[in-house]
$ cat work-v6.txt   # compact mmCIF, C-alpha atoms
# COMPACT_ATOMS: atom_id res chain seq x y z
CA MET A 174 -12.74 -34.11 15.19
CA GLU A 175 -9.55 -32.34 16.12
CA ILE A 176 -10.00 -28.99 17.90
CA ILE A 177 -8.00 -25.98 16.81
CA SER A 178 -7.38 -23.54 19.62
CA ILE A 179 -4.84 -20.80 18.97
CA GLU A 180 -4.21 -17.92 21.34
CA ALA A 181 -3.95 -14.39 19.97
CA THR A 182 -0.55 -12.76 19.53
CA ASP A 183 0.32 -9.22 18.45
CA GLU A 184 0.38 -10.44 14.85
CA THR A 185 -2.08 -13.32 14.66
CA PRO A 186 -5.72 -13.71 15.75
CA ALA A 187 -7.17 -16.06 18.34
CA VAL A 188 -8.78 -18.99 16.54
CA THR A 189 -11.13 -21.60 17.94
CA LEU A 190 -12.49 -24.31 15.67
CA ASP A 191 -14.44 -26.91 17.58
CA ALA A 192 -17.10 -28.89 15.75
CA SER A 193 -18.30 -30.67 18.92
CA SER A 194 -19.28 -27.39 20.61
CA ASN A 195 -20.19 -25.76 17.28
CA THR A 196 -17.69 -22.95 17.85
CA PHE A 197 -15.93 -21.30 14.94
CA ASP A 198 -14.23 -18.08 16.04
CA PHE A 199 -11.62 -15.68 14.75
CA SER A 200 -10.75 -12.60 16.79
CA GLY A 201 -7.93 -10.09 17.07
CA LYS A 202 -5.51 -8.86 14.44
CA SER A 203 -3.76 -10.55 11.58
CA LEU A 204 -0.51 -9.37 10.05
CA PRO A 205 1.80 -12.39 10.18
CA GLU A 206 5.00 -12.37 8.17
CA ASP A 207 4.04 -15.64 6.56
CA VAL A 208 0.28 -15.90 6.14
CA SER A 209 0.37 -19.39 4.60
CA THR A 210 2.04 -20.98 7.62
CA PHE A 211 -0.67 -19.56 9.84
CA TYR A 212 -3.73 -20.09 7.62
CA ASN A 213 -2.99 -23.37 5.79
CA PRO A 214 -3.71 -25.60 8.82
CA ILE A 215 -6.99 -23.71 9.27
CA LEU A 216 -7.97 -24.31 5.64
CA ASP A 217 -7.03 -27.98 6.03
CA TRP A 218 -9.24 -28.16 9.12
CA PHE A 219 -12.23 -26.84 7.15
CA ASP A 220 -11.49 -29.43 4.43
CA SER A 221 -11.86 -32.21 6.99
CA TYR A 222 -14.88 -30.50 8.55
CA SER A 223 -16.60 -30.33 5.15
CA LEU A 224 -16.71 -34.16 5.02
CA ASN A 225 -19.10 -34.28 7.95
CA PRO A 226 -20.26 -30.79 8.92
CA ASN A 227 -22.77 -29.84 11.61
CA GLU A 228 -26.32 -28.99 10.56
CA THR A 229 -25.58 -25.32 11.12
CA THR A 230 -22.21 -23.62 10.96
CA VAL A 231 -22.04 -20.09 12.38
CA VAL A 232 -18.61 -18.54 12.00
CA ASP A 233 -17.72 -15.46 14.03
CA PHE A 234 -15.15 -13.02 12.71
CA LYS A 235 -14.28 -10.33 15.24
CA LEU A 236 -11.14 -8.88 13.76
CA THR A 237 -9.78 -5.45 14.59
CA TYR A 238 -7.16 -5.36 11.87
CA PHE A 239 -5.83 -7.47 9.01
CA ASN A 240 -3.28 -6.81 6.31
CA THR A 241 -3.93 -7.45 2.61
CA ALA A 242 -2.15 -10.82 2.58
CA SER A 243 -4.42 -11.96 5.43
CA SER A 244 -7.47 -10.61 3.59
CA LYS A 245 -6.77 -13.14 0.82
CA CYS A 246 -6.56 -15.98 3.37
CA ILE A 247 -9.83 -14.87 4.97
CA LEU A 248 -11.47 -15.03 1.54
CA ASP A 249 -10.06 -18.55 1.09
CA ILE A 250 -11.75 -19.59 4.35
CA LEU A 251 -15.02 -17.97 3.27
CA MET A 252 -14.88 -19.72 -0.12
CA LYS A 253 -14.35 -23.01 1.66
CA LEU A 254 -17.45 -22.25 3.75
CA GLU A 255 -19.35 -21.36 0.59
CA GLU A 256 -18.49 -24.82 -0.79
CA ILE A 257 -19.75 -26.46 2.40
CA SER A 258 -22.94 -24.44 2.11
CA GLU A 259 -23.41 -25.33 -1.57
CA GLU A 260 -22.96 -29.02 -0.90
CA GLY A 261 -26.13 -28.65 1.17
CA ASN A 262 -25.01 -30.45 4.29
CA SER A 263 -24.79 -27.42 6.54
CA ALA A 264 -26.50 -24.03 6.81
CA VAL A 265 -23.58 -21.61 6.96
CA THR A 266 -23.81 -18.07 8.37
CA ILE A 267 -21.05 -15.54 8.98
CA ASN A 268 -21.27 -13.16 11.91
CA TRP A 269 -19.09 -10.22 10.95
CA HIS A 270 -18.33 -8.20 14.08
CA TYR A 271 -16.81 -4.74 13.84
CA GLN A 272 -16.36 -1.80 16.14
CA GLU A 273 -19.30 0.53 15.62
CA ASP A 274 -17.18 3.37 14.24
CA ASP A 275 -14.86 1.18 12.18
CA GLU A 276 -16.15 1.94 8.70
CA ASP A 277 -13.24 0.16 6.99
CA MET A 278 -13.89 -3.11 8.84
CA GLU A 279 -17.61 -2.75 8.11
CA GLU A 280 -16.83 -2.23 4.44
CA ALA A 281 -14.49 -5.24 4.42
CA GLY A 282 -17.39 -7.39 5.67
CA GLU A 283 -19.72 -5.98 3.04
CA GLU A 284 -17.18 -6.72 0.32
CA TYR A 285 -16.77 -10.32 1.44
CA ALA A 286 -20.56 -10.67 1.59
CA ASP A 287 -20.69 -9.51 -2.04
CA ILE A 288 -18.08 -12.01 -3.16
CA VAL A 289 -19.26 -15.19 -1.47
CA ASP A 290 -22.75 -16.59 -1.59
CA ILE A 291 -23.42 -17.12 2.10
CA PRO A 292 -25.47 -14.96 4.47
CA PHE A 293 -23.59 -12.38 6.54
CA GLU A 294 -24.88 -10.86 9.75
CA MET A 295 -23.25 -7.46 10.22
CA MET A 296 -22.73 -7.02 13.95
CA PRO A 297 -21.47 -3.68 15.23
CA TYR A 298 -20.30 -3.66 18.85
CA MET B 188 23.64 10.60 -6.65
CA SER B 189 26.71 10.99 -4.53
CA ALA B 190 26.41 10.74 -0.80
CA THR B 191 28.23 13.39 1.19
CA GLU B 192 30.88 11.81 3.34
CA ILE B 193 30.36 12.59 6.98
CA LYS B 194 33.47 12.58 9.15
CA VAL B 195 33.14 12.22 12.88
CA GLY B 196 34.08 15.56 14.39
CA THR B 197 32.61 19.03 14.43
CA ASN B 198 31.09 18.55 10.97
CA TYR B 199 29.42 15.38 12.09
CA MET B 200 27.98 17.09 15.16
CA GLN B 201 26.71 19.89 12.92
CA PHE B 202 25.26 17.35 10.55
CA ILE B 203 23.35 15.73 13.41
CA TYR B 204 22.02 19.10 14.52
CA LYS B 205 20.98 20.00 10.95
CA PHE B 206 19.41 16.58 10.58
CA HIS B 207 17.43 17.14 13.75
CA GLU B 208 16.41 20.64 12.60
CA THR B 209 15.34 19.33 9.20
CA MET B 210 13.25 16.62 10.81
CA GLU B 211 11.60 19.23 13.03
CA GLN B 212 10.93 21.58 10.10
CA GLN B 213 9.57 18.82 7.89
CA LYS B 214 7.55 17.47 10.83
CA LEU B 215 9.03 14.01 10.48
CA GLN B 216 8.14 11.76 13.38
CA LEU B 217 10.03 8.72 12.33
CA VAL B 218 12.92 8.16 9.95
CA TYR B 219 14.44 4.73 9.58
CA ASN B 220 16.94 3.43 7.10
CA GLY B 221 17.94 -0.21 7.04
CA GLU B 222 16.61 -3.73 6.95
CA VAL B 223 12.86 -4.09 7.40
CA ASN B 224 11.78 -7.37 8.93
CA GLN B 225 8.70 -8.43 10.85
CA SER B 226 10.01 -7.33 14.26
CA ILE B 227 10.93 -3.87 12.93
CA THR B 228 7.46 -3.66 11.39
CA LYS B 229 5.79 -4.55 14.66
CA ALA B 230 8.00 -2.18 16.65
CA PHE B 231 7.18 0.76 14.37
CA VAL B 232 3.46 0.14 14.25
CA SER B 233 3.29 -0.17 18.02
CA LEU B 234 5.29 3.05 18.38
CA ALA B 235 2.93 4.75 15.94
CA GLU B 236 -0.09 3.38 17.79
CA LYS B 237 1.26 4.82 21.03
CA ASN B 238 2.05 8.22 19.45
CA LEU B 239 -1.34 8.36 17.75
CA ASP B 240 -3.13 7.48 20.97
CA GLU B 241 -1.72 10.66 22.48
CA THR B 242 -3.25 12.77 19.69
CA ASN B 243 -6.84 13.83 19.12
CA GLU B 244 -7.03 12.12 15.75
CA SER B 245 -10.17 10.22 14.91
CA LEU B 246 -10.13 6.44 15.25
CA THR B 247 -10.52 6.17 11.48
CA THR B 248 -7.39 8.26 10.90
CA LYS B 249 -5.45 6.23 13.47
CA ARG B 250 -6.54 2.94 11.94
CA ARG B 251 -5.66 4.09 8.43
CA VAL B 252 -2.21 5.34 9.40
CA TYR B 253 -1.59 2.00 11.10
CA HIS B 254 -2.85 0.12 8.07
CA VAL B 255 -0.77 2.06 5.55
CA MET B 256 2.34 1.69 7.74
CA VAL B 257 1.97 -2.10 7.87
CA GLU B 258 1.42 -2.41 4.11
CA CYS B 259 4.34 -0.09 3.30
CA LEU B 260 6.75 -1.80 5.70
CA GLN B 261 5.75 -5.24 4.41
CA ASN B 262 6.30 -3.95 0.86
CA ILE B 263 9.91 -3.10 1.71
CA CYS B 264 10.34 -6.39 3.56
CA LYS B 265 9.00 -8.52 0.72
CA HIS B 266 9.62 -6.58 -2.47
CA ALA B 267 12.99 -4.85 -2.25
CA ASP B 268 15.69 -5.99 -4.64
CA ASP B 269 19.47 -6.11 -4.43
CA PRO B 270 21.05 -3.01 -6.04
CA VAL B 271 23.83 -4.95 -7.79
CA THR B 272 22.13 -8.14 -8.94
CA GLY B 273 18.56 -6.82 -9.18
CA GLU B 274 17.43 -10.07 -7.57
CA PRO B 275 14.93 -10.12 -4.67
CA ASP B 276 16.55 -9.32 -1.34
CA ILE B 277 14.47 -10.69 1.55
CA PRO B 278 14.10 -9.23 4.12
CA GLY B 279 14.53 -6.05 2.13
CA SER B 280 16.13 -2.80 3.12
CA GLY B 281 15.01 0.73 2.54
CA ILE B 282 14.02 4.03 4.03
CA PHE B 283 10.81 4.53 5.95
CA VAL B 284 9.58 7.99 6.88
CA VAL B 285 6.44 9.10 8.70
CA GLY B 286 5.58 12.79 8.77
CA TYR B 287 2.53 14.92 9.21
CA ASN B 288 1.09 18.34 8.51
CA GLU B 289 -2.12 20.08 9.52
CA ASN B 290 -4.29 18.01 7.22
CA ALA B 291 -2.61 14.69 6.77
CA TYR B 292 -0.12 12.03 7.75
CA ILE B 293 2.46 11.19 5.12
CA VAL B 294 4.07 7.76 4.92
CA THR B 295 6.99 7.51 2.51
CA THR B 296 9.05 4.47 1.65
CA GLY B 297 12.07 4.04 -0.57
CA ASN B 298 13.69 0.81 -1.66
CA ILE B 299 15.73 -0.65 -4.47
CA VAL B 300 13.85 -2.31 -7.32
CA SER B 301 15.21 -4.05 -10.37
CA ASN B 302 14.80 -1.88 -13.49
CA GLU B 303 12.85 -4.75 -15.03
CA ARG B 304 10.07 -4.11 -12.53
CA ILE B 305 9.65 -0.39 -13.26
CA GLU B 306 7.24 -0.87 -16.14
CA GLY B 307 4.95 -3.20 -14.21
CA LEU B 308 4.96 -1.04 -11.09
CA THR B 309 4.29 2.11 -13.12
CA HIS B 310 1.43 0.41 -14.94
CA LEU B 311 -0.19 -0.75 -11.69
CA LEU B 312 0.28 2.58 -9.90
CA GLU B 313 -1.09 4.55 -12.87
CA ARG B 314 -4.04 2.22 -13.13
CA VAL B 315 -4.82 2.62 -9.42
CA ASN B 316 -4.38 6.41 -9.61
CA HIS B 317 -6.90 6.72 -12.42
CA LEU B 318 -9.71 4.91 -10.64
CA ASP B 319 -12.37 6.48 -8.44
CA ARG B 320 -13.47 4.91 -5.19
CA ASP B 321 -16.13 2.63 -6.67
CA GLU B 322 -13.78 1.47 -9.40
CA LEU B 323 -11.09 0.76 -6.78
CA LYS B 324 -13.58 -1.30 -4.79
CA LYS B 325 -14.42 -3.24 -7.93
CA LEU B 326 -10.76 -3.81 -8.80
CA TYR B 327 -10.06 -4.90 -5.22
CA LYS B 328 -12.83 -7.49 -5.39
CA GLU B 329 -11.62 -8.80 -8.75
CA GLN B 330 -8.04 -8.97 -7.57
CA ILE B 331 -8.74 -10.68 -4.26
CA LYS B 332 -10.77 -13.35 -6.08
CA GLN B 333 -8.20 -13.96 -8.81
CA SER B 334 -4.96 -13.57 -6.92
CA ARG B 335 -2.94 -16.39 -5.52
CA LEU B 336 -0.50 -15.73 -2.75
CA SER B 337 2.96 -15.29 -4.22
CA ASP B 338 5.83 -17.29 -2.76
CA LYS B 339 6.71 -14.10 -0.90
CA GLY B 340 3.28 -14.24 0.71
CA GLY B 341 1.85 -11.17 -0.99
CA ALA B 342 -1.62 -10.98 -2.49
CA GLY B 343 -0.91 -8.11 -4.94
CA LEU B 344 -3.51 -6.01 -3.16
CA GLY B 345 -1.35 -3.50 -1.28
CA PHE B 346 -1.45 -0.49 -3.62
CA ILE B 347 -5.13 -0.96 -4.45
CA ASP B 348 -6.01 -1.21 -0.80
CA ILE B 349 -3.95 1.83 0.21
CA ALA B 350 -5.55 3.92 -2.54
CA LYS B 351 -9.03 2.68 -1.60
CA LYS B 352 -8.58 3.35 2.12
CA THR B 353 -6.85 6.73 1.85
CA GLY B 354 -8.77 8.11 -1.12
CA ASN B 355 -5.57 9.81 -2.26
CA LYS B 356 -3.32 9.31 -5.27
CA LEU B 357 -0.10 7.36 -4.75
CA ILE B 358 2.87 9.60 -5.54
CA TYR B 359 5.92 7.74 -6.81
CA HIS B 360 9.32 8.23 -8.34
CA PHE B 361 12.10 5.99 -9.66
CA GLU B 362 15.59 7.37 -9.10
CA PRO B 363 18.13 5.54 -11.30
CA VAL B 364 20.90 3.88 -9.28
CA ASN B 365 22.80 1.89 -11.91
CA ASP B 366 22.17 -0.25 -15.01
CA VAL B 367 20.19 -2.88 -13.15
CA SER B 368 18.33 -1.05 -10.42
CA SER B 369 16.54 2.09 -9.31
CA PHE B 370 15.39 3.53 -6.01
CA PHE B 371 11.60 3.39 -5.86
CA ILE B 372 10.02 6.07 -3.69
CA LEU B 373 6.34 5.86 -2.76
CA LYS B 374 4.52 8.58 -0.89
CA THR B 375 1.11 7.96 0.65
CA LYS B 376 -1.07 10.64 2.17
CA ILE B 377 -3.63 9.78 4.82
CA SER B 378 -5.98 12.75 5.17
CA LYS B 379 -7.08 13.50 8.71
CA SER B 380 -10.78 12.84 9.08
$ encode --input "work-v6.txt" --output "structure tokens"
Amino acid sequence: MEIISIEATDETPAVTLDASSNTFDFSGKSLPEDVSTFYNPILDWFDSYSLNPNETTVVDFKLTYFNTASSKCILDILMKLEEISEEGNSAVTINWHYQEDDEDMEEAGEEYADIVDIPFEMMPY
Amino acid sequence: MSATEIKVGTNYMQFIYKFHETMEQQKLQLVYNGEVNQSITKAFVSLAEKNLDETNESLTTKRRVYHVMVECLQNICKHADDPVTGEPDIPGSGIFVVGYNENAYIVTTGNIVSNERIEGLTHLLERVNHLDRDELKKLYKEQIKQSRLSDKGGAGLGFIDIAKKTGNKLIYHFEPVNDVSSFFILKTKISKS
């Protein structure tokens, strides 16, 4: 499967999506002007991945900041992962990393965990 | 509202001095008036990050000021209207002001909105202002699930999120400009924690 590897910028996160090495990573900040242009290819990638997912799918989110438009796109990704999980072909877990004293990022993870039915590991660093 | 005409000359120099004095007195760190696009947004938030790093503010305060600035600037960029036609004007223009006092940072924006939008904006702002923190969290979760990104790329979450993160009421005012539009002023307080 195609590998997505995007380097971080001052307005978009680093993204690595590589099924062969079982790596699914988002890190950095997200406040692009046009969230759809950035996130649509990522959602499309997960659509293809869902056809033949790995036995386990552990997705790491290590974001330091995201705006509200990005927060919607992140939920779209999580809902896609929830679908994959519900189809029963892959055990999906989210590792939600946040800086130890970043209560807002911690809360954001807790809120996502409430909304989607997949296990979240809260990982302060 | 009539703008005072400023002629270049002694009066203009005095105006600049008064303007400077007023900014000092009001503790305004940043005043910008003009088009707000993504590069302006990034420039201001990085300036604010740098200024905040030189203060003793808590990381939470710094992060919240940064967050509110981004949301407010993107609001102007995506949601300002043209004063004559009342149609969306993207990237929008407006005024952006960051000030502070002993207890809080204050981020204020002003931009033109079509009069047709006043009712909807007032309804949303009043709704947000009447909710406590748990109710805001609940509304946020409902909204993020239901919302679809608009063609402007907004998720309709900005005000809810600002109110939730700051814990303060959103202060707003609509100043009539003409038959089709008004100047929408929004003041957000980020308490120092």
$ closest_atom_pairs --input "work-v6.txt" --of "chain A" --to "chain B" --cutoff "6 Å" --atoms "all atoms listed in the file" --output "tab-separated table"
residue	atom	partner	partner_atom	distance
A:Thr241	CA	B:Leu344	CA	6.0
A:Ala242	CA	B:Ala342	CA	5.1
A:Lys245	CA	B:Ile331	CA	6.0
$ atom_distance --input "work-v6.txt" --atom1 "CA of Glu175 (chain A)" --atom2 "CA of Phe219 (chain A)"
10.9 Å
$ closest_residue --input "work-v6.txt" --among "B:Val315, B:Val364, B:Val223, B:His310" --to "Ile277 (chain B)" --atoms "all atoms listed in the file"
B:Val223
$ residues_near_point --input "work-v6.txt" --point "(-14.0, -27.2, 7.8)" --cutoff "9 Å" --atoms "only C-alpha atoms" --output "tab-separated table (two decimals) with C-alpha atoms, keeping the file's coordinate frame"
chain	number	residue	atom	x	y	z
A	190	LEU	CA	-12.49	-24.31	15.67
A	192	ALA	CA	-17.10	-28.89	15.75
A	215	ILE	CA	-6.99	-23.71	9.27
A	216	LEU	CA	-7.97	-24.31	5.64
A	217	ASP	CA	-7.03	-27.98	6.03
A	218	TRP	CA	-9.24	-28.16	9.12
A	219	PHE	CA	-12.23	-26.84	7.15
A	220	ASP	CA	-11.49	-29.43	4.43
A	221	SER	CA	-11.86	-32.21	6.99
A	222	TYR	CA	-14.88	-30.50	8.55
A	223	SER	CA	-16.60	-30.33	5.15
A	224	LEU	CA	-16.71	-34.16	5.02
A	225	ASN	CA	-19.10	-34.28	7.95
A	226	PRO	CA	-20.26	-30.79	8.92
A	250	ILE	CA	-11.75	-19.59	4.35
A	253	LYS	CA	-14.35	-23.01	1.66
A	254	LEU	CA	-17.45	-22.25	3.75
A	257	ILE	CA	-19.75	-26.46	2.40
$ residues_around --input "work-v6.txt" --residues "Phe370 (chain B)" --least-positions-apart "4" --cutoff "8 Å" --atoms "only C-alpha atoms" --output "compact mmCIF listing (two decimals) with C-alpha atoms, in the frame of the given file"
# COMPACT_ATOMS: atom_id res chain seq x y z
CA GLY B 297 12.07 4.04 -0.57
CA ASN B 298 13.69 0.81 -1.66
CA ILE B 299 15.73 -0.65 -4.47
CA VAL B 300 13.85 -2.31 -7.32
CA PHE B 361 12.10 5.99 -9.66
CA GLU B 362 15.59 7.37 -9.10
CA PRO B 363 18.13 5.54 -11.30
CA VAL B 364 20.90 3.88 -9.28
$ closest_atom_pairs --input "work-v6.txt" --of "region 271-362 of chain B" --to "region 199-221 of chain B" --cutoff "7 Å" --atoms "only C-alpha atoms" --output "tab-separated table"
residue	atom	partner	partner_atom	distance
B:Ser280	CA	B:Gly221	CA	5.0
B:Gly281	CA	B:Gly221	CA	5.5
B:Ile282	CA	B:Asn220	CA	4.3
B:Phe283	CA	B:Tyr219	CA	5.1
B:Val284	CA	B:Val218	CA	4.5
B:Val285	CA	B:Leu217	CA	5.1
B:Gly286	CA	B:Leu215	CA	4.0
B:Tyr287	CA	B:Lys214	CA	5.9
B:Asn288	CA	B:Lys214	CA	6.9
$ atom_distance --input "work-v6.txt" --atom1 "CA of Ile358 (chain B)" --atom2 "CA of Lys249 (chain B)"
21.0 Å
$ residues_around --input "work-v6.txt" --residues "Glu259 (chain A)" --least-positions-apart "4" --cutoff "12 Å" --atoms "only C-alpha atoms" --output "number ranges by chain"
A: 223, 252-255, 263-265, 289-291
$ write_last_selection --input "work-v6.txt" --atoms "C-alpha atoms" --output "PDB file, keeping the file's coordinate frame"
ATOM      1  CA  SER A 223     -16.600 -30.330   5.150  1.00  0.00           C
ATOM      2  CA  MET A 252     -14.880 -19.720  -0.120  1.00  0.00           C
ATOM      3  CA  LYS A 253     -14.350 -23.010   1.660  1.00  0.00           C
ATOM      4  CA  LEU A 254     -17.450 -22.250   3.750  1.00  0.00           C
ATOM      5  CA  GLU A 255     -19.350 -21.360   0.590  1.00  0.00           C
ATOM      6  CA  SER A 263     -24.790 -27.420   6.540  1.00  0.00           C
ATOM      7  CA  ALA A 264     -26.500 -24.030   6.810  1.00  0.00           C
ATOM      8  CA  VAL A 265     -23.580 -21.610   6.960  1.00  0.00           C
ATOM      9  CA  VAL A 289     -19.260 -15.190  -1.470  1.00  0.00           C
ATOM     10  CA  ASP A 290     -22.750 -16.590  -1.590  1.00  0.00           C
ATOM     11  CA  ILE A 291     -23.420 -17.120   2.100  1.00  0.00           C
TER      12      ILE A 291
END
$ residues_around --input "work-v6.txt" --residues "Val188 (chain A)" --least-positions-apart "6" --cutoff "6 Å" --atoms "all atoms listed in the file" --output "list in words"
Ser178, Ile179, Asp198 and Phe199 of chain A
$ atom_distance --input "work-v6.txt" --atom1 "CA of Ala281 (chain A)" --atom2 "CA of Ser244 (chain A)"
8.9 Å
$ residues_around --input "work-v6.txt" --residues "region 277-280 of chain A" --least-positions-apart "2" --cutoff "10 Å" --atoms "all atoms listed in the file" --output "ChimeraX atom specification"
/A:235-239,269-275,282-286,295-297 /B:247,250-251,324,351-352
$ build_atoms --input "work-v6.txt" --residues "region 245-257 of chain B" --atoms "N, CA, C and O atoms" --output "PDB file, keeping the file's coordinate frame"
ATOM      1  N   SER B 245      -9.035  11.132  14.875  1.00  0.00           N
ATOM      2  CA  SER B 245     -10.170  10.220  14.910  1.00  0.00           C
ATOM      3  C   SER B 245      -9.672   8.776  14.838  1.00  0.00           C
ATOM      4  O   SER B 245      -8.563   8.515  14.361  1.00  0.00           O
ATOM      5  N   LEU B 246     -10.512   7.856  15.308  1.00  0.00           N
ATOM      6  CA  LEU B 246     -10.130   6.440  15.250  1.00  0.00           C
ATOM      7  C   LEU B 246      -9.887   6.001  13.811  1.00  0.00           C
ATOM      8  O   LEU B 246      -8.991   5.210  13.529  1.00  0.00           O
ATOM      9  N   THR B 247     -10.695   6.542  12.889  1.00  0.00           N
ATOM     10  CA  THR B 247     -10.520   6.170  11.480  1.00  0.00           C
ATOM     11  C   THR B 247      -9.132   6.578  10.986  1.00  0.00           C
ATOM     12  O   THR B 247      -8.439   5.794  10.340  1.00  0.00           O
ATOM     13  N   THR B 248      -8.718   7.810  11.316  1.00  0.00           N
ATOM     14  CA  THR B 248      -7.390   8.260  10.900  1.00  0.00           C
ATOM     15  C   THR B 248      -6.315   7.356  11.510  1.00  0.00           C
ATOM     16  O   THR B 248      -5.409   6.901  10.813  1.00  0.00           O
ATOM     17  N   LYS B 249      -6.443   7.080  12.803  1.00  0.00           N
ATOM     18  CA  LYS B 249      -5.450   6.230  13.470  1.00  0.00           C
ATOM     19  C   LYS B 249      -5.351   4.860  12.804  1.00  0.00           C
ATOM     20  O   LYS B 249      -4.273   4.359  12.529  1.00  0.00           O
ATOM     21  N   ARG B 250      -6.530   4.279  12.550  1.00  0.00           N
ATOM     22  CA  ARG B 250      -6.540   2.940  11.940  1.00  0.00           C
ATOM     23  C   ARG B 250      -5.914   2.966  10.556  1.00  0.00           C
ATOM     24  O   ARG B 250      -5.210   2.045  10.170  1.00  0.00           O
ATOM     25  N   ARG B 251      -6.182   4.035   9.799  1.00  0.00           N
ATOM     26  CA  ARG B 251      -5.660   4.090   8.430  1.00  0.00           C
ATOM     27  C   ARG B 251      -4.154   4.305   8.414  1.00  0.00           C
ATOM     28  O   ARG B 251      -3.450   3.734   7.580  1.00  0.00           O
ATOM     29  N   VAL B 252      -3.663   5.141   9.328  1.00  0.00           N
ATOM     30  CA  VAL B 252      -2.210   5.340   9.400  1.00  0.00           C
ATOM     31  C   VAL B 252      -1.541   3.997   9.727  1.00  0.00           C
ATOM     32  O   VAL B 252      -0.560   3.583   9.098  1.00  0.00           O
ATOM     33  N   TYR B 253      -2.099   3.306  10.697  1.00  0.00           N
ATOM     34  CA  TYR B 253      -1.590   2.000  11.100  1.00  0.00           C
ATOM     35  C   TYR B 253      -1.583   1.035   9.905  1.00  0.00           C
ATOM     36  O   TYR B 253      -0.589   0.372   9.612  1.00  0.00           O
ATOM     37  N   HIS B 254      -2.701   1.020   9.210  1.00  0.00           N
ATOM     38  CA  HIS B 254      -2.850   0.120   8.070  1.00  0.00           C
ATOM     39  C   HIS B 254      -1.816   0.405   6.978  1.00  0.00           C
ATOM     40  O   HIS B 254      -1.150  -0.497   6.474  1.00  0.00           O
ATOM     41  N   VAL B 255      -1.702   1.683   6.619  1.00  0.00           N
ATOM     42  CA  VAL B 255      -0.770   2.060   5.550  1.00  0.00           C
ATOM     43  C   VAL B 255       0.671   1.745   5.985  1.00  0.00           C
ATOM     44  O   VAL B 255       1.476   1.247   5.189  1.00  0.00           O
ATOM     45  N   MET B 256       0.985   1.996   7.260  1.00  0.00           N
ATOM     46  CA  MET B 256       2.340   1.690   7.740  1.00  0.00           C
ATOM     47  C   MET B 256       2.654   0.201   7.576  1.00  0.00           C
ATOM     48  O   MET B 256       3.725  -0.160   7.093  1.00  0.00           O
ATOM     49  N   VAL B 257       1.723  -0.650   7.976  1.00  0.00           N
ATOM     50  CA  VAL B 257       1.970  -2.100   7.870  1.00  0.00           C
ATOM     51  C   VAL B 257       2.184  -2.493   6.409  1.00  0.00           C
ATOM     52  O   VAL B 257       3.150  -3.180   6.072  1.00  0.00           O
TER      53      VAL B 257
END
